[in-house]
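What follows is final_39.cif (mmCIF, C-alpha atoms; chains and numbers go by the auth columns).
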data_structure
loop_
_atom_site.group_PDB
_atom_site.id
_atom_site.type_symbol
_atom_site.label_atom_id
_atom_site.label_comp_id
_atom_site.label_asym_id
_atom_site.label_seq_id
_atom_site.Cartn_x
_atom_site.Cartn_y
_atom_site.Cartn_z
_atom_site.B_iso_or_equiv
_atom_site.auth_seq_id
_atom_site.auth_asym_id
ATOM 1 C CA MET A 1 78.690 113.510 90.927 0.00 1 A
ATOM 2 C CA ILE A 2 78.319 114.757 94.463 0.00 2 A
ATOM 3 C CA THR A 3 78.911 112.655 97.548 0.00 3 A
ATOM 4 C CA GLY A 4 78.443 113.405 101.223 0.00 4 A
ATOM 5 C CA SER A 5 76.780 112.432 104.480 0.00 5 A
ATOM 6 C CA LEU A 6 73.394 113.328 105.890 0.00 6 A
ATOM 7 C CA ASP A 7 75.265 113.992 109.126 0.00 7 A
ATOM 8 C CA HIS A 8 76.457 117.216 107.449 0.00 8 A
ATOM 9 C CA TRP A 9 73.272 117.917 105.495 0.00 9 A
ATOM 10 C CA GLN A 10 72.996 121.533 106.644 0.00 10 A
ATOM 11 C CA LEU A 11 76.302 122.342 104.929 0.00 11 A
ATOM 12 C CA TYR A 12 75.162 120.809 101.631 0.00 12 A
ATOM 13 C CA ARG A 13 71.816 122.630 101.795 0.00 13 A
ATOM 14 C CA GLN A 14 73.720 125.909 101.404 0.00 14 A
ATOM 15 C CA THR A 15 75.073 125.020 97.957 0.00 15 A
ATOM 16 C CA LEU A 16 72.889 122.416 96.245 0.00 16 A
ATOM 17 C CA PRO A 17 70.177 123.348 93.722 0.00 17 A
ATOM 18 C CA SER A 18 66.743 123.856 95.265 0.00 18 A
ATOM 19 C CA ALA A 19 65.210 120.829 93.482 0.00 19 A
ATOM 20 C CA LEU A 20 67.775 118.514 95.102 0.00 20 A
ATOM 21 C CA ILE A 21 67.254 120.113 98.515 0.00 21 A
ATOM 22 C CA LEU A 22 63.480 119.687 98.182 0.00 22 A
ATOM 23 C CA ALA A 23 63.872 116.045 97.119 0.00 23 A
ATOM 24 C CA ILE A 24 66.294 115.082 99.894 0.00 24 A
ATOM 25 C CA ASP A 25 64.362 117.008 102.552 0.00 25 A
ATOM 26 C CA ALA A 26 61.093 115.310 101.507 0.00 26 A
ATOM 27 C CA ALA A 27 62.664 111.858 101.480 0.00 27 A
ATOM 28 C CA THR A 28 64.488 112.207 104.789 0.00 28 A
ATOM 29 C CA ALA A 29 61.302 113.473 106.465 0.00 29 A
ATOM 30 C CA LEU A 30 59.973 109.925 105.956 0.00 30 A
ATOM 31 C CA ASP A 31 60.947 106.944 108.088 0.00 31 A
ATOM 32 C CA LEU A 32 63.191 105.431 105.426 0.00 32 A
ATOM 33 C CA ASP A 33 64.159 102.491 107.645 0.00 33 A
ATOM 34 C CA THR A 34 60.578 101.170 107.776 0.00 34 A
ATOM 35 C CA LEU A 35 59.126 102.465 104.515 0.00 35 A
ATOM 36 C CA PRO A 36 57.977 99.515 102.366 0.00 36 A
ATOM 37 C CA LEU A 37 60.053 98.491 99.369 0.00 37 A
ATOM 38 C CA GLY A 38 59.114 100.047 96.063 0.00 38 A
ATOM 39 C CA ARG A 39 58.134 103.421 94.666 0.00 39 A
ATOM 40 C CA HIS A 40 56.856 106.313 96.805 0.00 40 A
ATOM 41 C CA GLU A 41 55.598 109.574 95.287 0.00 41 A
ATOM 42 C CA ILE A 42 57.082 112.897 96.342 0.00 42 A
ATOM 43 C CA ASP A 43 56.007 115.058 93.367 0.00 43 A
ATOM 44 C CA GLY A 44 54.544 112.703 90.758 0.00 44 A
ATOM 45 C CA ASP A 45 57.000 111.740 88.013 0.00 45 A
ATOM 46 C CA ASP A 46 59.136 114.819 88.736 0.00 46 A
ATOM 47 C CA ILE A 47 60.445 113.510 92.080 0.00 47 A
ATOM 48 C CA PHE A 48 59.903 110.050 93.501 0.00 48 A
ATOM 49 C CA LEU A 49 61.615 107.662 95.867 0.00 49 A
ATOM 50 C CA LEU A 50 62.518 103.998 95.471 0.00 50 A
ATOM 51 C CA ILE A 51 63.255 101.894 98.551 0.00 51 A
ATOM 52 C CA GLN A 52 65.464 98.949 97.629 0.00 52 A
ATOM 53 C CA GLU A 53 67.066 96.019 99.445 0.00 53 A
ATOM 54 C CA MET A 54 69.623 93.746 97.839 0.00 54 A
ATOM 55 C CA THR A 55 72.842 91.829 98.411 0.00 55 A
ATOM 56 C CA THR A 56 76.043 93.463 97.203 0.00 56 A
ATOM 57 C CA GLN A 57 78.156 91.534 94.714 0.00 57 A
ATOM 58 C CA ALA A 58 81.670 91.491 93.331 0.00 58 A
ATOM 59 C CA ALA A 59 82.149 94.523 91.055 0.00 59 A
ATOM 60 C CA GLU A 60 82.621 92.348 87.971 0.00 60 A
ATOM 61 C CA ASN A 61 79.065 91.032 88.492 0.00 61 A
ATOM 62 C CA CYS A 62 77.549 94.538 88.620 0.00 62 A
ATOM 63 C CA ARG A 63 76.757 96.469 85.449 0.00 63 A
ATOM 64 C CA PRO A 64 77.732 100.095 84.836 0.00 64 A
ATOM 65 C CA GLU A 65 74.691 102.219 84.095 0.00 65 A
ATOM 66 C CA ALA A 66 73.698 105.763 83.234 0.00 66 A
ATOM 67 C CA HIS A 67 70.453 107.682 82.932 0.00 67 A
ATOM 68 C CA ARG A 68 69.283 110.377 80.531 0.00 68 A
ATOM 69 C CA ARG A 69 66.294 112.025 82.247 0.00 69 A
ATOM 70 C CA TYR A 70 66.643 111.528 85.994 0.00 70 A
ATOM 71 C CA ILE A 71 69.226 112.531 88.542 0.00 71 A
ATOM 72 C CA ASP A 72 69.887 109.688 90.994 0.00 72 A
ATOM 73 C CA VAL A 73 70.259 110.574 94.671 0.00 73 A
ATOM 74 C CA GLN A 74 71.242 107.340 96.397 0.00 74 A
ATOM 75 C CA ILE A 75 71.201 107.265 100.209 0.00 75 A
ATOM 76 C CA LEU A 76 72.587 104.181 101.912 0.00 76 A
ATOM 77 C CA LEU A 77 70.457 103.177 104.903 0.00 77 A
ATOM 78 C CA LYS A 78 72.015 99.844 105.945 0.00 78 A
ATOM 79 C CA GLY A 79 75.253 97.979 105.153 0.00 79 A
ATOM 80 C CA ARG A 80 78.215 99.141 103.081 0.00 80 A
ATOM 81 C CA GLU A 81 78.156 99.666 99.335 0.00 81 A
ATOM 82 C CA ALA A 82 80.807 100.521 96.777 0.00 82 A
ATOM 83 C CA TYR A 83 80.123 102.241 93.465 0.00 83 A
ATOM 84 C CA GLY A 84 82.324 102.171 90.433 0.00 84 A
ATOM 85 C CA VAL A 85 82.084 105.618 88.863 0.00 85 A
ATOM 86 C CA ALA A 86 83.347 107.120 85.612 0.00 86 A
ATOM 87 C CA PHE A 87 83.000 110.390 83.770 0.00 87 A
ATOM 88 C CA PRO A 88 80.423 110.736 80.981 0.00 88 A
ATOM 89 C CA ASP A 89 81.387 109.527 77.512 0.00 89 A
ATOM 90 C CA PRO A 90 78.657 110.456 75.008 0.00 90 A
ATOM 91 C CA GLY A 91 80.322 108.312 72.335 0.00 91 A
ATOM 92 C CA LEU A 92 80.180 105.070 74.332 0.00 92 A
ATOM 93 C CA LEU A 93 77.464 102.759 73.038 0.00 93 A
ATOM 94 C CA PRO A 94 75.305 100.890 75.556 0.00 94 A
ATOM 95 C CA LEU A 95 75.262 97.104 75.785 0.00 95 A
ATOM 96 C CA GLU A 96 71.569 97.319 76.694 0.00 96 A
ATOM 97 C CA ASP A 97 69.532 100.457 76.028 0.00 97 A
ATOM 98 C CA ARG A 98 66.317 100.888 78.041 0.00 98 A
ATOM 99 C CA LEU A 99 66.447 104.691 78.125 0.00 99 A
ATOM 100 C CA GLU A 100 63.144 105.361 76.367 0.00 100 A
ATOM 101 C CA LYS A 101 61.001 103.206 78.641 0.00 101 A
ATOM 102 C CA HIS A 102 62.975 102.986 81.913 0.00 102 A
ATOM 103 C CA ASP A 103 65.602 105.783 81.730 0.00 103 A
ATOM 104 C CA ILE A 104 68.490 103.348 82.109 0.00 104 A
ATOM 105 C CA ALA A 105 71.174 101.981 79.839 0.00 105 A
ATOM 106 C CA PHE A 106 73.887 99.479 80.736 0.00 106 A
ATOM 107 C CA TYR A 107 77.442 99.925 79.483 0.00 107 A
ATOM 108 C CA PRO A 108 80.725 98.046 79.309 0.00 108 A
ATOM 109 C CA GLY A 109 83.234 98.597 82.125 0.00 109 A
ATOM 110 C CA ARG A 110 85.572 101.546 81.768 0.00 110 A
ATOM 111 C CA ASP A 111 89.336 101.663 82.362 0.00 111 A
ATOM 112 C CA SER A 112 88.924 105.077 83.993 0.00 112 A
ATOM 113 C CA GLU A 113 86.493 103.807 86.648 0.00 113 A
ATOM 114 C CA TYR A 114 87.218 104.610 90.283 0.00 114 A
ATOM 115 C CA VAL A 115 85.486 103.538 93.507 0.00 115 A
ATOM 116 C CA VAL A 116 83.351 105.460 95.998 0.00 116 A
ATOM 117 C CA THR A 117 82.324 103.621 99.177 0.00 117 A
ATOM 118 C CA LEU A 118 79.233 104.517 101.190 0.00 118 A
ATOM 119 C CA GLN A 119 78.281 103.729 104.761 0.00 119 A
ATOM 120 C CA PRO A 120 74.864 104.303 106.353 0.00 120 A
ATOM 121 C CA ARG A 121 73.680 107.923 106.015 0.00 121 A
ATOM 122 C CA ASP A 122 76.110 108.604 103.155 0.00 122 A
ATOM 123 C CA PHE A 123 74.663 109.741 99.846 0.00 123 A
ATOM 124 C CA VAL A 124 75.819 110.082 96.277 0.00 124 A
ATOM 125 C CA VAL A 125 74.234 112.129 93.491 0.00 125 A
ATOM 126 C CA PHE A 126 74.633 111.022 89.872 0.00 126 A
ATOM 127 C CA PHE A 127 73.637 113.411 87.110 0.00 127 A
ATOM 128 C CA PRO A 128 72.395 112.220 83.694 0.00 128 A
ATOM 129 C CA GLY A 129 75.173 110.636 81.669 0.00 129 A
ATOM 130 C CA GLU A 130 77.408 109.898 84.665 0.00 130 A
ATOM 131 C CA PHE A 131 78.373 106.243 84.699 0.00 131 A
ATOM 132 C CA HIS A 132 77.923 104.358 87.948 0.00 132 A
ATOM 133 C CA ARG A 133 78.169 100.701 88.926 0.00 133 A
ATOM 134 C CA PRO A 134 76.013 100.333 92.070 0.00 134 A
ATOM 135 C CA CYS A 135 75.676 97.435 94.514 0.00 135 A
ATOM 136 C CA CYS A 136 79.352 96.455 94.639 0.00 136 A
ATOM 137 C CA GLU A 137 80.562 94.636 97.734 0.00 137 A
ATOM 138 C CA VAL A 138 83.028 96.014 100.264 0.00 138 A
ATOM 139 C CA GLY A 139 85.024 93.183 101.830 0.00 139 A
ATOM 140 C CA GLY A 140 82.398 90.570 100.918 0.00 140 A
ATOM 141 C CA ALA A 141 78.728 90.355 100.064 0.00 141 A
ATOM 142 C CA THR A 142 76.319 92.023 102.484 0.00 142 A
ATOM 143 C CA GLU A 143 72.643 92.971 102.655 0.00 143 A
ATOM 144 C CA ILE A 144 71.996 96.644 101.988 0.00 144 A
ATOM 145 C CA ARG A 145 68.973 98.913 102.115 0.00 145 A
ATOM 146 C CA LYS A 146 68.919 102.196 100.279 0.00 146 A
ATOM 147 C CA ALA A 147 66.710 105.015 99.163 0.00 147 A
ATOM 148 C CA VAL A 148 67.050 106.128 95.553 0.00 148 A
ATOM 149 C CA ILE A 149 65.484 109.503 94.889 0.00 149 A
ATOM 150 C CA LYS A 150 64.772 110.223 91.226 0.00 150 A
ATOM 151 C CA VAL A 151 64.718 113.925 90.307 0.00 151 A
ATOM 152 C CA ASP A 152 63.754 114.979 86.791 0.00 152 A
ATOM 153 C CA SER A 153 66.772 116.900 85.479 0.00 153 A
ATOM 154 C CA ARG A 154 64.539 119.534 83.856 0.00 154 A
ATOM 155 C CA LEU A 155 63.860 120.813 87.409 0.00 155 A
ATOM 156 C CA LEU A 156 67.482 122.009 87.371 0.00 156 A
ATOM 157 C CA GLY A 157 66.911 123.825 84.089 0.00 157 A
ATOM 158 C CA HIS A 158 68.055 120.956 81.836 0.00 158 A
ATOM 159 C CA SER A 159 65.937 119.680 78.987 0.00 159 A
#
Using C-alpha coordinates, write down the structure from this file.
Amino acid sequence: MITGSLDHWQLYRQTLPSALILAIDAATALDLDTLPLGRHEIDGDDIFLLIQEMTTQAAENCRPEAHRRYIDVQILLKGREAYGVAFPDPGLLPLEDRLEKHDIAFYPGRDSEYVVTLQPRDFVVFFPGEFHRPCCEVGGATEIRKAVIKVDSRLLGHS
(Lines of atoms letter the chains of each structure in order from A and count residues from 1; the text may use other names and numbers.)
(Lines give C-alpha, C1' and ligand atoms only; values in the text may rest on other atoms or scores of the structure.)
Protein backbone atom coordinates (compact mmCIF):
# COMPACT_ATOMS: atom_id res chain seq x y z
CA MET A 1 0.00 0.00 0.00
CA ILE A 2 1.10 3.52 -0.79
CA THR A 3 -0.67 6.63 0.41
CA GLY A 4 -0.08 10.30 -0.31
CA SER A 5 -1.50 13.55 -1.60
CA LEU A 6 -1.71 14.93 -5.11
CA ASP A 7 -0.46 18.17 -3.59
CA HIS A 8 2.96 16.46 -3.47
CA TRP A 9 2.59 14.48 -6.69
CA GLN A 10 5.94 15.58 -8.12
CA LEU A 11 7.75 13.87 -5.22
CA TYR A 12 5.90 10.59 -5.78
CA ARG A 13 6.56 10.71 -9.54
CA GLN A 14 10.27 10.29 -8.77
CA THR A 15 9.82 6.86 -7.17
CA LEU A 16 6.64 5.17 -8.39
CA PRO A 17 6.63 2.61 -11.24
CA SER A 18 6.03 4.13 -14.67
CA ALA A 19 2.66 2.37 -15.14
CA LEU A 20 1.30 4.04 -11.98
CA ILE A 21 2.68 7.43 -13.02
CA LEU A 22 1.07 7.08 -16.46
CA ALA A 23 -2.26 6.06 -14.91
CA ILE A 24 -2.38 8.87 -12.34
CA ASP A 25 -1.14 11.49 -14.81
CA ALA A 26 -3.80 10.44 -17.36
CA ALA A 27 -6.58 10.47 -14.77
CA THR A 28 -5.63 13.79 -13.19
CA ALA A 29 -5.43 15.42 -16.63
CA LEU A 30 -9.22 14.95 -16.75
CA ASP A 31 -11.71 17.13 -14.90
CA LEU A 32 -12.46 14.50 -12.26
CA ASP A 33 -14.91 16.76 -10.43
CA THR A 34 -17.31 16.89 -13.40
CA LEU A 35 -16.58 13.60 -15.16
CA PRO A 36 -19.76 11.48 -15.28
CA LEU A 37 -20.10 8.51 -12.96
CA GLY A 38 -18.95 5.18 -14.31
CA ARG A 39 -16.08 3.73 -16.30
CA HIS A 40 -13.73 5.83 -18.46
CA GLU A 41 -11.06 4.26 -20.67
CA ILE A 42 -7.42 5.28 -20.34
CA ASP A 43 -5.75 2.27 -22.02
CA GLY A 44 -8.47 -0.32 -22.62
CA ASP A 45 -8.63 -3.03 -19.96
CA ASP A 46 -5.02 -2.33 -18.93
CA ILE A 47 -5.81 1.03 -17.30
CA PHE A 48 -9.25 2.50 -16.73
CA LEU A 49 -10.94 4.90 -14.37
CA LEU A 50 -14.13 4.56 -12.34
CA ILE A 51 -15.86 7.67 -11.00
CA GLN A 52 -17.95 6.80 -7.96
CA GLU A 53 -20.20 8.66 -5.52
CA MET A 54 -21.55 7.10 -2.36
CA THR A 55 -22.34 7.72 1.30
CA THR A 56 -19.78 6.51 3.82
CA GLN A 57 -20.96 4.06 6.47
CA ALA A 58 -19.89 2.70 9.82
CA ALA A 59 -16.89 0.39 9.33
CA GLU A 60 -18.83 -2.66 10.51
CA ASN A 61 -21.21 -2.15 7.55
CA CYS A 62 -18.37 -2.07 4.99
CA ARG A 63 -16.82 -5.27 3.66
CA PRO A 64 -13.08 -5.93 3.43
CA GLU A 65 -12.04 -6.71 -0.12
CA ALA A 66 -9.01 -7.63 -2.18
CA HIS A 67 -8.23 -7.97 -5.87
CA ARG A 68 -6.07 -10.42 -7.81
CA ARG A 69 -5.45 -8.74 -11.19
CA TYR A 70 -5.77 -4.99 -10.73
CA ILE A 71 -3.97 -2.43 -8.63
CA ASP A 72 -6.43 0.06 -7.12
CA VAL A 73 -5.44 3.73 -7.09
CA GLN A 74 -8.17 5.50 -5.15
CA ILE A 75 -8.22 9.31 -5.20
CA LEU A 76 -10.68 11.06 -2.92
CA LEU A 77 -12.28 14.05 -4.65
CA LYS A 78 -14.93 15.15 -2.12
CA GLY A 79 -15.67 14.40 1.55
CA ARG A 80 -13.65 12.33 4.01
CA GLU A 81 -13.21 8.58 3.82
CA ALA A 82 -11.58 6.03 6.09
CA TYR A 83 -10.20 2.69 4.93
CA GLY A 84 -9.59 -0.33 7.07
CA VAL A 85 -6.42 -1.94 5.76
CA ALA A 86 -4.62 -5.20 6.51
CA PHE A 87 -1.65 -7.09 5.15
CA PRO A 88 -2.18 -9.90 2.63
CA ASP A 89 -3.05 -13.34 3.96
CA PRO A 90 -3.06 -15.88 1.11
CA GLY A 91 -4.59 -18.51 3.39
CA LEU A 92 -7.69 -16.48 4.27
CA LEU A 93 -10.76 -17.76 2.45
CA PRO A 94 -13.19 -15.23 0.98
CA LEU A 95 -16.79 -14.95 2.14
CA GLU A 96 -17.76 -14.07 -1.44
CA ASP A 97 -15.44 -14.79 -4.36
CA ARG A 98 -16.04 -12.80 -7.57
CA LEU A 99 -12.39 -12.77 -8.66
CA GLU A 100 -12.83 -14.56 -11.98
CA LYS A 101 -15.53 -12.27 -13.35
CA HIS A 102 -15.08 -8.98 -11.44
CA ASP A 103 -11.59 -9.18 -9.84
CA ILE A 104 -12.97 -8.75 -6.33
CA ALA A 105 -13.43 -10.99 -3.33
CA PHE A 106 -14.93 -10.04 0.03
CA TYR A 107 -13.39 -11.28 3.27
CA PRO A 108 -14.12 -11.41 6.98
CA GLY A 109 -12.77 -8.58 9.15
CA ARG A 110 -9.23 -8.96 10.43
CA ASP A 111 -7.91 -8.34 13.96
CA SER A 112 -4.79 -6.76 12.46
CA GLU A 113 -6.75 -4.10 10.53
CA TYR A 114 -5.72 -0.48 10.93
CA VAL A 115 -7.26 2.75 9.60
CA VAL A 116 -6.09 5.20 6.93
CA THR A 117 -8.13 8.40 6.51
CA LEU A 118 -8.25 10.38 3.28
CA GLN A 119 -9.26 13.95 2.59
CA PRO A 120 -9.79 15.52 -0.85
CA ARG A 121 -6.74 15.12 -3.12
CA ASP A 122 -5.35 12.27 -1.01
CA PHE A 123 -4.77 8.94 -2.71
CA VAL A 124 -4.11 5.37 -1.68
CA VAL A 125 -2.71 2.55 -3.81
CA PHE A 126 -3.66 -1.05 -3.04
CA PHE A 127 -1.74 -3.85 -4.72
CA PRO A 128 -3.30 -7.26 -5.48
CA GLY A 129 -3.94 -9.24 -2.32
CA GLU A 130 -3.89 -6.22 0.00
CA PHE A 131 -7.05 -6.14 2.08
CA HIS A 132 -8.95 -2.87 2.22
CA ARG A 133 -12.32 -1.84 3.61
CA PRO A 134 -13.33 1.29 1.65
CA CYS A 135 -16.16 3.77 2.24
CA CYS A 136 -15.91 3.93 6.03
CA GLU A 137 -17.22 7.06 7.73
CA VAL A 138 -15.10 9.59 9.60
CA GLY A 139 -17.13 11.20 12.38
CA GLY A 140 -20.46 10.31 10.73
CA ALA A 141 -21.84 9.43 7.33
CA THR A 142 -21.00 11.81 4.49
CA GLU A 143 -21.28 11.95 0.70
CA ILE A 144 -18.01 11.23 -1.08
CA ARG A 145 -16.82 11.31 -4.67
CA LYS A 146 -13.75 9.43 -5.75
CA ALA A 147 -11.79 8.27 -8.73
CA VAL A 148 -10.66 4.64 -8.72
CA ILE A 149 -7.97 3.93 -11.28
CA LYS A 150 -7.55 0.25 -12.14
CA VAL A 151 -4.07 -0.72 -13.37
CA ASP A 152 -3.42 -4.25 -14.58
CA SER A 153 -0.65 -5.57 -12.32
CA ARG A 154 1.12 -7.24 -15.26
CA LEU A 155 2.15 -3.71 -16.35
CA LEU A 156 4.44 -3.74 -13.30
CA GLY A 157 5.95 -7.04 -14.38
CA HIS A 158 3.57 -9.25 -12.36
CA SER A 159 1.66 -12.10 -13.93
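Distance-wise, CA of Phe106 (chain A) and CA of Ser5 (chain A) end up 27.2 Å apart.
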Practice task
Find the residues near region 120-136 of chain A: any atom within 6 Å, counting only C-alpha atoms, skip ones fewer than 5 places away on the same chain, and give them as number ranges by chain.
Solution key: A: 1-6, 56-59, 63-68, 71-78, 81-88
Could the residues in this selection be saved with C-alpha atoms as a PDB file, in the frame of the given file?
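File selection_36.pdb, as written:
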ATOM      1  CA  MET A   1      78.690 113.510  90.927  1.00  0.00           C
ATOM      2  CA  ILE A   2      78.319 114.757  94.463  1.00  0.00           C
ATOM      3  CA  THR A   3      78.911 112.655  97.548  1.00  0.00           C
ATOM      4  CA  GLY A   4      78.443 113.405 101.223  1.00  0.00           C
ATOM      5  CA  SER A   5      76.780 112.432 104.480  1.00  0.00           C
ATOM      6  CA  LEU A   6      73.394 113.328 105.890  1.00  0.00           C
ATOM      7  CA  THR A  56      76.043  93.463  97.203  1.00  0.00           C
ATOM      8  CA  GLN A  57      78.156  91.534  94.714  1.00  0.00           C
ATOM      9  CA  ALA A  58      81.670  91.491  93.331  1.00  0.00           C
ATOM     10  CA  ALA A  59      82.149  94.523  91.055  1.00  0.00           C
ATOM     11  CA  ARG A  63      76.757  96.469  85.449  1.00  0.00           C
ATOM     12  CA  PRO A  64      77.732 100.095  84.836  1.00  0.00           C
ATOM     13  CA  GLU A  65      74.691 102.219  84.095  1.00  0.00           C
ATOM     14  CA  ALA A  66      73.698 105.763  83.234  1.00  0.00           C
ATOM     15  CA  HIS A  67      70.453 107.682  82.932  1.00  0.00           C
ATOM     16  CA  ARG A  68      69.283 110.377  80.531  1.00  0.00           C
ATOM     17  CA  ILE A  71      69.226 112.531  88.542  1.00  0.00           C
ATOM     18  CA  ASP A  72      69.887 109.688  90.994  1.00  0.00           C
ATOM     19  CA  VAL A  73      70.259 110.574  94.671  1.00  0.00           C
ATOM     20  CA  GLN A  74      71.242 107.340  96.397  1.00  0.00           C
ATOM     21  CA  ILE A  75      71.201 107.265 100.209  1.00  0.00           C
ATOM     22  CA  LEU A  76      72.587 104.181 101.912  1.00  0.00           C
ATOM     23  CA  LEU A  77      70.457 103.177 104.903  1.00  0.00           C
ATOM     24  CA  LYS A  78      72.015  99.844 105.945  1.00  0.00           C
ATOM     25  CA  GLU A  81      78.156  99.666  99.335  1.00  0.00           C
ATOM     26  CA  ALA A  82      80.807 100.521  96.777  1.00  0.00           C
ATOM     27  CA  TYR A  83      80.123 102.241  93.465  1.00  0.00           C
ATOM     28  CA  GLY A  84      82.324 102.171  90.433  1.00  0.00           C
ATOM     29  CA  VAL A  85      82.084 105.618  88.863  1.00  0.00           C
ATOM     30  CA  ALA A  86      83.347 107.120  85.612  1.00  0.00           C
ATOM     31  CA  PHE A  87      83.000 110.390  83.770  1.00  0.00           C
ATOM     32  CA  PRO A  88      80.423 110.736  80.981  1.00  0.00           C
TER      33      PRO A  88
END
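Every polymer residue reaching to within 8 Å of (65.0, 113.2, 90.4), counting only C-alpha atoms, appears in this list: Leu20, Ala23, Asp46, Ile47, Phe48, Tyr70, Ile71, Asp72, Val73, Ile149, Lys150, Val151, Asp152 and Ser153 of chain A.
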Practice task
Using all atoms listed in the file, find the one residue out of A:Glu113, A:Glu53, A:Asp43, A:Asp25 that sits nearest to Gly79 (chain A).
Solution key: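 The closest residue to Gly79 (chain A) is A:Glu53.
For the choices A:Pro94, A:Ile21, A:Ile51, A:Leu156, the atom-to-atom distance to Asp33 (chain A) is smallest for A:Ile51 when using only C-alpha atoms.
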